[in-house]
$ cat my_file-v7.cif   # mmCIF, C-alpha atoms and all ligand atoms
data_target
#
loop_
_atom_site.group_PDB
_atom_site.id
_atom_site.type_symbol
_atom_site.label_atom_id
_atom_site.label_comp_id
_atom_site.auth_asym_id
_atom_site.auth_seq_id
_atom_site.Cartn_x
_atom_site.Cartn_y
_atom_site.Cartn_z
ATOM 1 C CA LEU A 1 -112.292 -78.609 -10.725
ATOM 2 C CA VAL A 2 -109.927 -79.511 -13.561
ATOM 3 C CA SER A 3 -110.063 -83.196 -12.626
ATOM 4 C CA ARG A 4 -111.852 -85.860 -14.637
ATOM 5 C CA LYS A 5 -113.351 -86.987 -11.379
ATOM 6 C CA TRP A 6 -115.261 -83.730 -11.208
ATOM 7 C CA ARG A 7 -116.168 -83.463 -14.897
ATOM 8 C CA VAL A 8 -116.143 -86.621 -16.994
ATOM 9 C CA HIS A 9 -116.740 -85.041 -20.386
ATOM 10 C CA PRO A 10 -113.750 -83.468 -22.104
ATOM 11 C CA THR A 11 -113.839 -79.689 -22.251
ATOM 12 C CA VAL A 12 -113.949 -78.374 -25.812
ATOM 13 C CA LEU A 13 -113.288 -74.663 -26.388
ATOM 14 C CA ASP A 14 -115.302 -72.831 -29.015
ATOM 15 C CA LEU A 15 -113.440 -69.911 -30.597
ATOM 16 C CA GLY A 16 -116.221 -69.183 -33.075
ATOM 17 C CA ASP A 17 -116.050 -69.455 -36.854
ATOM 18 C CA GLY A 18 -116.113 -73.244 -36.527
ATOM 19 C CA ILE A 19 -112.843 -73.352 -34.569
ATOM 20 C CA HIS A 20 -112.931 -75.845 -31.699
ATOM 21 C CA LEU A 21 -110.040 -76.790 -29.429
ATOM 22 C CA GLY A 22 -109.943 -80.064 -27.551
ATOM 23 C CA GLU A 23 -110.879 -83.686 -27.932
ATOM 24 C CA GLY A 24 -112.342 -84.661 -31.301
ATOM 25 C CA SER A 25 -110.106 -82.555 -33.515
ATOM 26 C CA LEU A 26 -106.441 -81.686 -33.954
ATOM 27 C CA SER A 27 -105.594 -78.038 -33.292
ATOM 28 C CA ILE A 28 -102.550 -76.530 -34.928
ATOM 29 C CA VAL A 29 -101.086 -73.249 -33.639
ATOM 30 C CA ALA A 30 -98.102 -71.944 -35.601
ATOM 31 C CA GLY A 31 -96.191 -68.733 -36.013
ATOM 32 C CA PRO A 32 -93.037 -66.886 -35.095
ATOM 33 C CA CYS A 33 -91.581 -66.789 -31.616
ATOM 34 C CA SER A 34 -91.776 -62.980 -31.706
ATOM 35 C CA ILE A 35 -93.947 -60.691 -33.764
ATOM 36 C CA GLU A 36 -91.394 -58.477 -35.547
ATOM 37 C CA ASN A 37 -93.019 -56.379 -38.274
ATOM 38 C CA GLU A 38 -95.903 -56.300 -40.769
ATOM 39 C CA GLY A 39 -93.963 -57.998 -43.542
ATOM 40 C CA GLN A 40 -93.170 -60.946 -41.314
ATOM 41 C CA MET A 41 -96.771 -61.211 -40.066
ATOM 42 C CA GLU A 42 -98.180 -60.981 -43.591
ATOM 43 C CA ALA A 43 -95.853 -63.739 -44.848
ATOM 44 C CA VAL A 44 -96.675 -66.063 -41.950
ATOM 45 C CA MET A 45 -100.404 -65.419 -42.308
ATOM 46 C CA GLN A 46 -100.393 -66.222 -46.004
ATOM 47 C CA HIS A 47 -98.496 -69.425 -45.265
ATOM 48 C CA LEU A 48 -100.974 -70.437 -42.552
ATOM 49 C CA VAL A 49 -104.017 -69.708 -44.696
ATOM 50 C CA ARG A 50 -102.507 -71.752 -47.564
ATOM 51 C CA SER A 51 -101.950 -74.631 -45.128
ATOM 52 C CA GLY A 52 -105.435 -74.434 -43.633
ATOM 53 C CA VAL A 53 -104.105 -73.467 -40.174
ATOM 54 C CA ARG A 54 -106.540 -71.202 -38.317
ATOM 55 C CA LEU A 55 -104.528 -70.243 -35.235
ATOM 56 C CA MET A 56 -101.401 -68.112 -35.173
ATOM 57 C CA ARG A 57 -98.978 -67.735 -32.297
ATOM 58 C CA GLY A 58 -96.549 -64.868 -31.766
ATOM 59 C CA GLY A 59 -95.257 -62.947 -28.775
ATOM 60 C CA VAL A 60 -95.300 -59.180 -28.386
ATOM 61 C CA PHE A 61 -94.194 -59.315 -24.745
ATOM 62 C CA LYS A 62 -91.199 -61.641 -24.661
ATOM 63 C CA PRO A 63 -89.690 -63.192 -21.546
ATOM 64 C CA ARG A 64 -85.993 -63.225 -22.462
ATOM 65 C CA SER A 65 -83.202 -64.764 -20.448
ATOM 66 C CA SER A 66 -81.080 -61.667 -21.062
ATOM 67 C CA PRO A 67 -82.535 -58.155 -20.664
ATOM 68 C CA TYR A 68 -80.453 -57.072 -23.682
ATOM 69 C CA SER A 69 -82.256 -59.415 -26.080
ATOM 70 C CA PHE A 70 -85.251 -58.294 -28.193
ATOM 71 C CA ARG A 71 -88.188 -58.051 -25.823
ATOM 72 C CA GLY A 72 -91.050 -57.648 -28.251
ATOM 73 C CA LEU A 73 -93.088 -54.923 -29.941
ATOM 74 C CA GLY A 74 -95.487 -54.501 -27.046
ATOM 75 C CA LEU A 75 -99.058 -53.305 -27.274
ATOM 76 C CA ALA A 76 -98.644 -51.409 -30.550
ATOM 77 C CA GLY A 77 -97.418 -54.623 -32.175
ATOM 78 C CA LEU A 78 -100.323 -56.546 -30.699
ATOM 79 C CA ARG A 79 -102.873 -54.181 -32.248
ATOM 80 C CA ASP A 80 -101.324 -54.702 -35.684
ATOM 81 C CA PHE A 81 -101.106 -58.458 -35.118
ATOM 82 C CA TYR A 82 -104.783 -58.685 -34.185
ATOM 83 C CA ARG A 83 -105.978 -56.462 -37.040
ATOM 84 C CA LEU A 84 -103.985 -58.348 -39.702
ATOM 85 C CA ALA A 85 -105.020 -61.720 -38.268
ATOM 86 C CA ARG A 86 -108.692 -60.747 -38.494
ATOM 87 C CA GLN A 87 -108.201 -59.750 -42.129
ATOM 88 C CA HIS A 88 -106.909 -63.284 -42.781
ATOM 89 C CA GLY A 89 -109.582 -65.046 -40.731
ATOM 90 C CA LEU A 90 -107.043 -66.196 -38.133
ATOM 91 C CA ARG A 91 -107.270 -66.383 -34.335
ATOM 92 C CA ILE A 92 -104.251 -65.365 -32.282
ATOM 93 C CA VAL A 93 -102.464 -66.805 -29.256
ATOM 94 C CA THR A 94 -100.061 -64.441 -27.510
ATOM 95 C CA GLU A 95 -98.274 -64.281 -24.187
ATOM 96 C CA VAL A 96 -99.359 -62.097 -21.287
ATOM 97 C CA MET A 97 -96.620 -61.528 -18.702
ATOM 98 C CA GLN A 98 -98.192 -59.461 -15.962
ATOM 99 C CA VAL A 99 -101.507 -58.566 -14.403
ATOM 100 C CA SER A 100 -101.646 -55.018 -15.776
ATOM 101 C CA GLN A 101 -101.393 -56.376 -19.351
ATOM 102 C CA VAL A 102 -104.535 -58.488 -19.082
ATOM 103 C CA GLU A 103 -106.845 -55.507 -19.445
ATOM 104 C CA GLU A 104 -104.599 -53.685 -21.954
ATOM 105 C CA MET A 105 -104.405 -56.724 -24.208
ATOM 106 C CA TYR A 106 -107.968 -57.959 -23.784
ATOM 107 C CA ASP A 107 -109.506 -56.394 -26.906
ATOM 108 C CA TYR A 108 -106.720 -57.713 -29.157
ATOM 109 C CA VAL A 109 -106.361 -61.310 -28.006
ATOM 110 C CA ASP A 110 -108.200 -64.533 -28.801
ATOM 111 C CA VAL A 111 -106.204 -66.808 -26.483
ATOM 112 C CA PHE A 112 -103.951 -65.566 -23.667
ATOM 113 C CA GLN A 113 -100.738 -67.567 -23.341
ATOM 114 C CA VAL A 114 -99.109 -67.967 -19.944
ATOM 115 C CA GLY A 115 -95.435 -68.764 -20.485
ATOM 116 C CA ALA A 116 -93.324 -71.322 -18.687
ATOM 117 C CA ARG A 117 -91.741 -68.617 -16.544
ATOM 118 C CA ASN A 118 -95.126 -67.445 -15.304
ATOM 119 C CA THR A 119 -96.894 -70.749 -14.665
ATOM 120 C CA GLN A 120 -96.739 -70.012 -10.958
ATOM 121 C CA ASN A 121 -97.377 -66.287 -11.158
ATOM 122 C CA PHE A 122 -100.468 -66.728 -9.030
ATOM 123 C CA ASN A 123 -101.564 -63.104 -9.290
ATOM 124 C CA LEU A 124 -101.562 -63.423 -13.071
ATOM 125 C CA LEU A 125 -103.488 -66.693 -12.875
ATOM 126 C CA ASP A 126 -106.057 -65.056 -10.581
ATOM 127 C CA ALA A 127 -106.458 -62.188 -13.039
ATOM 128 C CA LEU A 128 -106.973 -64.609 -15.936
ATOM 129 C CA GLY A 129 -109.573 -66.449 -13.891
ATOM 130 C CA GLY A 130 -111.694 -63.342 -14.207
ATOM 131 C CA VAL A 131 -111.683 -62.949 -18.000
ATOM 132 C CA ASP A 132 -113.912 -64.589 -20.582
ATOM 133 C CA LYS A 133 -111.172 -65.510 -23.050
ATOM 134 C CA PRO A 134 -109.301 -68.825 -23.188
ATOM 135 C CA VAL A 135 -105.905 -69.300 -21.571
ATOM 136 C CA LEU A 136 -103.135 -71.527 -22.917
ATOM 137 C CA LEU A 137 -101.148 -72.434 -19.824
ATOM 138 C CA LYS A 138 -97.624 -73.726 -20.347
ATOM 139 C CA ARG A 139 -95.964 -76.102 -17.954
ATOM 140 C CA GLY A 140 -93.308 -74.447 -15.795
ATOM 141 C CA VAL A 141 -89.654 -74.796 -16.746
ATOM 142 C CA SER A 142 -89.103 -76.912 -13.634
ATOM 143 C CA GLY A 143 -92.733 -77.572 -12.848
ATOM 144 C CA THR A 144 -94.307 -80.900 -12.059
ATOM 145 C CA ILE A 145 -97.518 -82.120 -13.644
ATOM 146 C CA GLU A 146 -99.235 -81.650 -10.297
ATOM 147 C CA GLU A 147 -98.075 -78.030 -10.121
ATOM 148 C CA LEU A 148 -99.386 -77.404 -13.636
ATOM 149 C CA LEU A 149 -102.782 -78.721 -12.564
ATOM 150 C CA HIS A 150 -102.766 -76.521 -9.466
ATOM 151 C CA SER A 151 -102.014 -73.524 -11.685
ATOM 152 C CA ALA A 152 -104.946 -74.437 -13.929
ATOM 153 C CA GLU A 153 -107.061 -74.709 -10.792
ATOM 154 C CA TYR A 154 -106.305 -71.048 -9.982
ATOM 155 C CA ILE A 155 -107.762 -69.953 -13.319
ATOM 156 C CA PHE A 156 -110.685 -72.366 -13.282
ATOM 157 C CA SER A 157 -111.713 -71.561 -9.723
ATOM 158 C CA GLY A 158 -111.774 -67.878 -10.635
ATOM 159 C CA GLY A 159 -114.527 -68.634 -13.125
ATOM 160 C CA ASN A 160 -112.617 -69.097 -16.380
ATOM 161 C CA GLU A 161 -113.060 -72.702 -17.499
ATOM 162 C CA ASP A 162 -111.503 -72.270 -20.946
ATOM 163 C CA ILE A 163 -107.991 -73.527 -20.318
ATOM 164 C CA ILE A 164 -105.538 -75.424 -22.501
ATOM 165 C CA LEU A 165 -102.613 -77.196 -20.847
ATOM 166 C CA CYS A 166 -99.357 -77.203 -22.785
ATOM 167 C CA GLU A 167 -96.332 -79.437 -22.295
ATOM 168 C CA ARG A 168 -93.281 -77.478 -23.513
ATOM 169 C CA GLY A 169 -90.320 -79.365 -22.087
ATOM 170 C CA ILE A 170 -88.771 -79.230 -18.654
ATOM 171 C CA ARG A 171 -85.281 -78.603 -17.374
ATOM 172 C CA THR A 172 -83.432 -81.826 -16.601
ATOM 173 C CA PHE A 173 -79.791 -82.895 -16.267
ATOM 174 C CA GLU A 174 -79.713 -83.373 -20.050
ATOM 175 C CA THR A 175 -77.832 -80.698 -21.986
ATOM 176 C CA ALA A 176 -77.991 -82.150 -25.519
ATOM 177 C CA SER A 177 -81.266 -80.302 -26.111
ATOM 178 C CA ARG A 178 -82.637 -76.995 -24.830
ATOM 179 C CA ASN A 179 -85.287 -78.731 -22.707
ATOM 180 C CA THR A 180 -86.508 -82.280 -22.292
ATOM 181 C CA LEU A 181 -89.956 -82.690 -23.828
ATOM 182 C CA ASP A 182 -91.842 -84.787 -21.315
ATOM 183 C CA LEU A 183 -94.237 -86.781 -23.445
ATOM 184 C CA ASN A 184 -95.207 -88.742 -20.346
ATOM 185 C CA ALA A 185 -97.181 -85.679 -19.369
ATOM 186 C CA VAL A 186 -99.576 -86.081 -22.293
ATOM 187 C CA PRO A 187 -101.314 -89.366 -21.419
ATOM 188 C CA ILE A 188 -101.073 -88.542 -17.714
ATOM 189 C CA LEU A 189 -102.736 -85.163 -18.161
ATOM 190 C CA LYS A 190 -105.350 -86.653 -20.489
ATOM 191 C CA GLU A 191 -106.164 -89.185 -17.819
ATOM 192 C CA LYS A 192 -106.237 -86.734 -14.923
ATOM 193 C CA THR A 193 -108.033 -83.774 -16.454
ATOM 194 C CA HIS A 194 -110.869 -82.953 -18.824
ATOM 195 C CA LEU A 195 -108.963 -79.984 -20.293
ATOM 196 C CA PRO A 196 -107.399 -79.932 -23.781
ATOM 197 C CA VAL A 197 -103.709 -80.886 -23.802
ATOM 198 C CA PHE A 198 -101.274 -79.405 -26.320
ATOM 199 C CA VAL A 199 -97.603 -80.082 -26.992
ATOM 200 C CA ASP A 200 -94.993 -77.482 -27.965
ATOM 201 C CA PRO A 201 -92.145 -79.427 -29.606
ATOM 202 C CA SER A 202 -90.250 -76.235 -30.571
ATOM 203 C CA HIS A 203 -89.419 -75.216 -27.005
ATOM 204 C CA GLY A 204 -89.543 -78.883 -26.024
ATOM 205 C CA ILE A 205 -86.336 -79.775 -27.837
ATOM 206 C CA GLY A 206 -85.101 -76.427 -29.144
ATOM 207 C CA LEU A 207 -83.579 -77.944 -32.291
ATOM 208 C CA ARG A 208 -85.244 -77.187 -35.591
ATOM 209 C CA GLU A 209 -84.328 -80.480 -37.283
ATOM 210 C CA HIS A 210 -86.060 -82.491 -34.547
ATOM 211 C CA VAL A 211 -89.256 -80.506 -34.073
ATOM 212 C CA ALA A 212 -91.347 -82.453 -36.599
ATOM 213 C CA PRO A 213 -90.839 -85.980 -35.225
ATOM 214 C CA LEU A 214 -91.629 -84.764 -31.710
ATOM 215 C CA ALA A 215 -94.805 -83.082 -32.929
ATOM 216 C CA LEU A 216 -95.933 -86.390 -34.429
ATOM 217 C CA ALA A 217 -94.945 -88.259 -31.273
ATOM 218 C CA GLY A 218 -97.007 -85.781 -29.263
ATOM 219 C CA ILE A 219 -100.038 -86.504 -31.403
ATOM 220 C CA MET A 220 -99.606 -90.256 -31.015
ATOM 221 C CA ALA A 221 -99.241 -89.753 -27.252
ATOM 222 C CA GLY A 222 -102.726 -88.223 -27.256
ATOM 223 C CA ALA A 223 -102.256 -84.475 -27.648
ATOM 224 C CA ASP A 224 -105.262 -82.440 -28.792
ATOM 225 C CA GLY A 225 -103.057 -79.813 -30.382
ATOM 226 C CA ILE A 226 -99.546 -78.853 -31.413
ATOM 227 C CA LEU A 227 -98.023 -75.393 -31.055
ATOM 228 C CA TYR A 228 -94.801 -74.690 -32.930
ATOM 229 C CA GLU A 229 -92.654 -71.900 -34.315
ATOM 230 C CA THR A 230 -92.380 -70.989 -37.981
ATOM 231 C CA ALA A 231 -91.056 -67.843 -39.664
ATOM 232 C CA PRO A 232 -90.070 -66.678 -43.175
ATOM 233 C CA VAL A 233 -86.303 -66.849 -42.536
ATOM 234 C CA PRO A 234 -85.612 -68.704 -39.279
ATOM 235 C CA GLU A 235 -81.913 -67.776 -39.409
ATOM 236 C CA ARG A 236 -82.878 -64.117 -39.105
ATOM 237 C CA ALA A 237 -85.587 -64.439 -36.452
ATOM 238 C CA ALA A 238 -85.272 -62.052 -33.503
ATOM 239 C CA SER A 239 -85.767 -64.959 -31.101
ATOM 240 C CA ASP A 240 -85.673 -68.762 -31.129
ATOM 241 C CA GLY A 241 -84.537 -69.045 -34.759
ATOM 242 C CA GLN A 242 -82.626 -72.244 -33.943
ATOM 243 C CA GLN A 243 -85.931 -74.031 -33.268
ATOM 244 C CA THR A 244 -88.055 -72.297 -35.915
ATOM 245 C CA LEU A 245 -89.242 -74.062 -39.089
ATOM 246 C CA ASP A 246 -89.234 -72.402 -42.499
ATOM 247 C CA PHE A 247 -92.473 -72.506 -44.488
ATOM 248 C CA ASP A 248 -91.563 -75.617 -46.497
ATOM 249 C CA GLU A 249 -90.801 -77.535 -43.317
ATOM 250 C CA SER A 250 -93.925 -76.146 -41.702
ATOM 251 C CA ALA A 251 -96.191 -77.114 -44.628
ATOM 252 C CA ARG A 252 -94.770 -80.642 -44.626
ATOM 253 C CA LEU A 253 -95.286 -80.897 -40.886
ATOM 254 C CA VAL A 254 -98.922 -79.798 -41.136
ATOM 255 C CA GLU A 255 -99.593 -82.546 -43.682
ATOM 256 C CA ALA A 256 -97.765 -85.146 -41.606
ATOM 257 C CA MET A 257 -99.647 -84.129 -38.452
ATOM 258 C CA ARG A 258 -103.011 -84.491 -40.165
ATOM 259 C CA ARG A 259 -102.086 -87.949 -41.479
ATOM 260 C CA THR A 260 -100.795 -88.963 -38.052
ATOM 261 C CA TYR A 261 -103.903 -87.729 -36.270
ATOM 262 C CA ALA A 262 -106.081 -89.714 -38.683
ATOM 263 C CA LEU A 263 -104.201 -92.893 -37.715
ATOM 264 C CA ARG A 264 -104.847 -92.448 -34.028
HETATM 265 C C1 LIG B 1 -92.878 -68.933 -26.477
HETATM 266 O O1 LIG B 1 -93.913 -69.579 -26.701
HETATM 267 O O2 LIG B 1 -92.271 -68.267 -27.344
HETATM 268 C C2 LIG B 1 -92.301 -69.021 -25.126
HETATM 269 C C3 LIG B 1 -91.582 -68.034 -24.604
HETATM 270 O O3 LIG B 1 -92.571 -70.197 -24.534
HETATM 271 P P1 LIG B 1 -92.191 -70.771 -23.087
HETATM 272 O O4 LIG B 1 -92.896 -69.882 -22.113
HETATM 273 O O5 LIG B 1 -92.701 -72.155 -23.125
HETATM 274 O O6 LIG B 1 -90.695 -70.685 -22.969
HETATM 275 MN MN MN B 2 -90.106 -68.973 -28.503
#

$ encode --input "my_file-v7.cif" --output "structure tokens"
Amino acid sequence: LVSRKWRVHPTVLDLGDGIHLGEGSLSIVAGPCSIENEGQMEAVMQHLVRSGVRLMRGGVFKPRSSPYSFRGLGLAGLRDFYRLARQHGLRIVTEVMQVSQVEEMYDYVDVFQVGARNTQNFNLLDALGGVDKPVLLKRGVSGTIEELLHSAEYIFSGGNEDIILCERGIRTFETASRNTLDLNAVPILKEKTHLPVFVDPSHGIGLREHVAPLALAGIMAGADGILYETAPVPERAASDGQQTLDFDESARLVEAMRRTYALR
């Protein structure tokens, strides 16, 4: 069902308010790794509005490698995130980690994110197949392109056709970067499926100073959108600060991405 053989026209998601995701426009999703407090959200939102970015990312349920790391503000944080975002005219993308959260989060989410550790959580995918809100599905940490497409198939076959595929780097033998961003996936996915394809260069390389060039490379490879991390003071972020852009870097990247997209 997610194949181009089945549907030739690219799927474009309509989030309302003139916000469309998919072929024909460049989508930019930016924000902190974790939602931390109102001050942080307010600062990021003002930055995004100034930059003309309409979609904000930020996790309230965080999948952390260590159970002792900050694991997110949970549902209370999500309610604040959603309310503040609405006040700024922004749409939000946030991670759902388990089936029971789908219903709890539903009223406060614009796009459900499935993280790289849950790409093959088939119960979660089934549950998301039954909702009428878009799903941004990340590629698994060690997942093949084929497996990503099968995961999308779970959601699509359940009745939810609003899916975005996101390349976010895979685990390889290489240790110089956090993950290896597999840009090969972009043209291959664009060829195989009608769904929008995004790239997440932040998790893809994990090194702040190299996020921008990979974002631009992702666009030239054919991505329909870029998702990246930005926060007021990356050095003090509760998670992923080492790959998070400050607002100056983020504003420059937004400009560069728009110029790059126009060249394509
Ligand atoms: C994130 O977007 O902050 C995140 C946890 O991503 P991933 O699932 O790709 O690691
Ligand atoms: Mn992160």

$ closest_atom_pairs --input "my_file-v7.cif" --of "chain A" --to "ligand MN 2 (chain B)" --cutoff "10 Å" --atoms "only C-alpha atoms and all ligand atoms" --output "CSV"
residue,atom,partner,partner_atom,distance
A:Gly31,CA,B:MN2,MN,9.7
A:Pro32,CA,B:MN2,MN,7.5
A:Cys33,CA,B:MN2,MN,4.1
A:Ser34,CA,B:MN2,MN,7.0
A:Arg57,CA,B:MN2,MN,9.7
A:Gly58,CA,B:MN2,MN,8.3
A:Gly59,CA,B:MN2,MN,7.9
A:Lys62,CA,B:MN2,MN,8.3
A:Pro63,CA,B:MN2,MN,9.1
A:Arg64,CA,B:MN2,MN,9.3
A:Gly115,CA,B:MN2,MN,9.6
A:Asp200,CA,B:MN2,MN,9.8
A:Ser202,CA,B:MN2,MN,7.6
A:His203,CA,B:MN2,MN,6.5
A:Gly206,CA,B:MN2,MN,9.0
A:Tyr228,CA,B:MN2,MN,8.6
A:Glu229,CA,B:MN2,MN,7.0
A:Thr230,CA,B:MN2,MN,10.0
A:Ala238,CA,B:MN2,MN,9.8
A:Ser239,CA,B:MN2,MN,6.5
A:Asp240,CA,B:MN2,MN,5.2
A:Gly241,CA,B:MN2,MN,8.4
A:Gln242,CA,B:MN2,MN,9.8
A:Gln243,CA,B:MN2,MN,8.1
A:Thr244,CA,B:MN2,MN,8.4

$ write_last_selection --input "my_file-v7.cif" --atoms "C-alpha atoms" --output "compact mmCIF listing (two decimals), keeping the file's coordinate frame"
# COMPACT_ATOMS: atom_id res chain seq x y z
CA GLY A 31 -96.19 -68.73 -36.01
CA PRO A 32 -93.04 -66.89 -35.10
CA CYS A 33 -91.58 -66.79 -31.62
CA SER A 34 -91.78 -62.98 -31.71
CA ARG A 57 -98.98 -67.74 -32.30
CA GLY A 58 -96.55 -64.87 -31.77
CA GLY A 59 -95.26 -62.95 -28.78
CA LYS A 62 -91.20 -61.64 -24.66
CA PRO A 63 -89.69 -63.19 -21.55
CA ARG A 64 -85.99 -63.22 -22.46
CA GLY A 115 -95.44 -68.76 -20.48
CA ASP A 200 -94.99 -77.48 -27.96
CA SER A 202 -90.25 -76.24 -30.57
CA HIS A 203 -89.42 -75.22 -27.00
CA GLY A 206 -85.10 -76.43 -29.14
CA TYR A 228 -94.80 -74.69 -32.93
CA GLU A 229 -92.65 -71.90 -34.32
CA THR A 230 -92.38 -70.99 -37.98
CA ALA A 238 -85.27 -62.05 -33.50
CA SER A 239 -85.77 -64.96 -31.10
CA ASP A 240 -85.67 -68.76 -31.13
CA GLY A 241 -84.54 -69.04 -34.76
CA GLN A 242 -82.63 -72.24 -33.94
CA GLN A 243 -85.93 -74.03 -33.27
CA THR A 244 -88.06 -72.30 -35.92

$ axis_aligned_box --input "my_file-v7.cif" --around "range 236-249 of chain A" --padding-each-side "4 Å" --output "AutoDock Vina command-line options"
--center_x -87.5 --center_y -69.8 --center_z -38.8 --size_x 17.8 --size_y 23.5 --size_z 23.4

$ closest_residue --input "my_file-v7.cif" --among "A:Leu245, A:Leu195, A:Ala237, A:Ala217" --to "Leu21 in chain A" --atoms "only C-alpha atoms"
A:Leu195

$ closest_atom_pairs --input "my_file-v7.cif" --of "range 7-84 of chain A" --to "range 95-111 of chain A" --cutoff "7 Å" --atoms "only C-alpha atoms" --output "CSV"
residue,atom,partner,partner_atom,distance
A:Gly59,CA,A:Glu95,CA,5.7
A:Phe61,CA,A:Glu95,CA,6.5
A:Leu78,CA,A:Tyr108,CA,6.7
A:Arg79,CA,A:Tyr108,CA,6.1
A:Tyr82,CA,A:Tyr108,CA,5.5

$ atom_distance --input "my_file-v7.cif" --atom1 "CA of Asn179 in chain A" --atom2 "CA of Thr260 in chain A"
24.1 Å

$ closest_residue --input "my_file-v7.cif" --among "A:Gly18, A:Pro201, A:Pro134, A:Gly129" --to "ligand LIG 1 (chain B)" --atoms "all atoms listed in the file"
A:Pro201

$ closest_residue --input "my_file-v7.cif" --among "A:Gly16, A:Leu136, A:Glu42, A:Ile145" --to "Leu189 in chain A" --atoms "all atoms listed in the file"
A:Ile145

$ closest_residue --input "my_file-v7.cif" --among "A:Ser27, A:Thr180, A:Gln40, A:Ser3" --to "Ile219 in chain A" --atoms "all atoms listed in the file"
A:Ser27

$ closest_residue --input "my_file-v7.cif" --among "A:Gly218, A:Gly143, A:Pro213, A:Pro187" --to "ligand LIG 1 (chain B)" --atoms "only C-alpha atoms and all ligand atoms"
A:Gly143

$ residues_around --input "my_file-v7.cif" --residues "Tyr261 in chain A" --least-positions-apart "5" --cutoff "12 Å" --atoms "only C-alpha atoms" --output "count of residues only"
22

$ resolve_selection --input "my_file-v7.cif" --expression "the PyMOL selection byres (((chain A and resi 172) around 12) and not hetatm)" --output "list in words"
Val141, Ser142, Gly143, Thr144, Gly169, Ile170, Arg171, Phe173, Glu174, Thr175, Ala176, Ser177, Arg178, Asn179, Thr180, Leu181, Asp182, Gly204 and Ile205 of chain A

$ residues_around --input "my_file-v7.cif" --residues "Asp246 in chain A" --least-positions-apart "4" --cutoff "9 Å" --atoms "only C-alpha atoms" --output "PyMOL selection string"
chain A and resi 229-234+250-251

$ atom_distance --input "my_file-v7.cif" --atom1 "CA of Glu38 in chain A" --atom2 "CA of Ser69 in chain A"
20.3 Å

$ atom_distance --input "my_file-v7.cif" --atom1 "CA of Leu75 in chain A" --atom2 "CA of Met41 in chain A"
15.2 Å

$ closest_residue --input "my_file-v7.cif" --among "A:Arg50, A:Arg117, A:Arg71, A:Lys5" --to "ligand LIG 1 (chain B)" --atoms "all atoms listed in the file"
A:Arg117
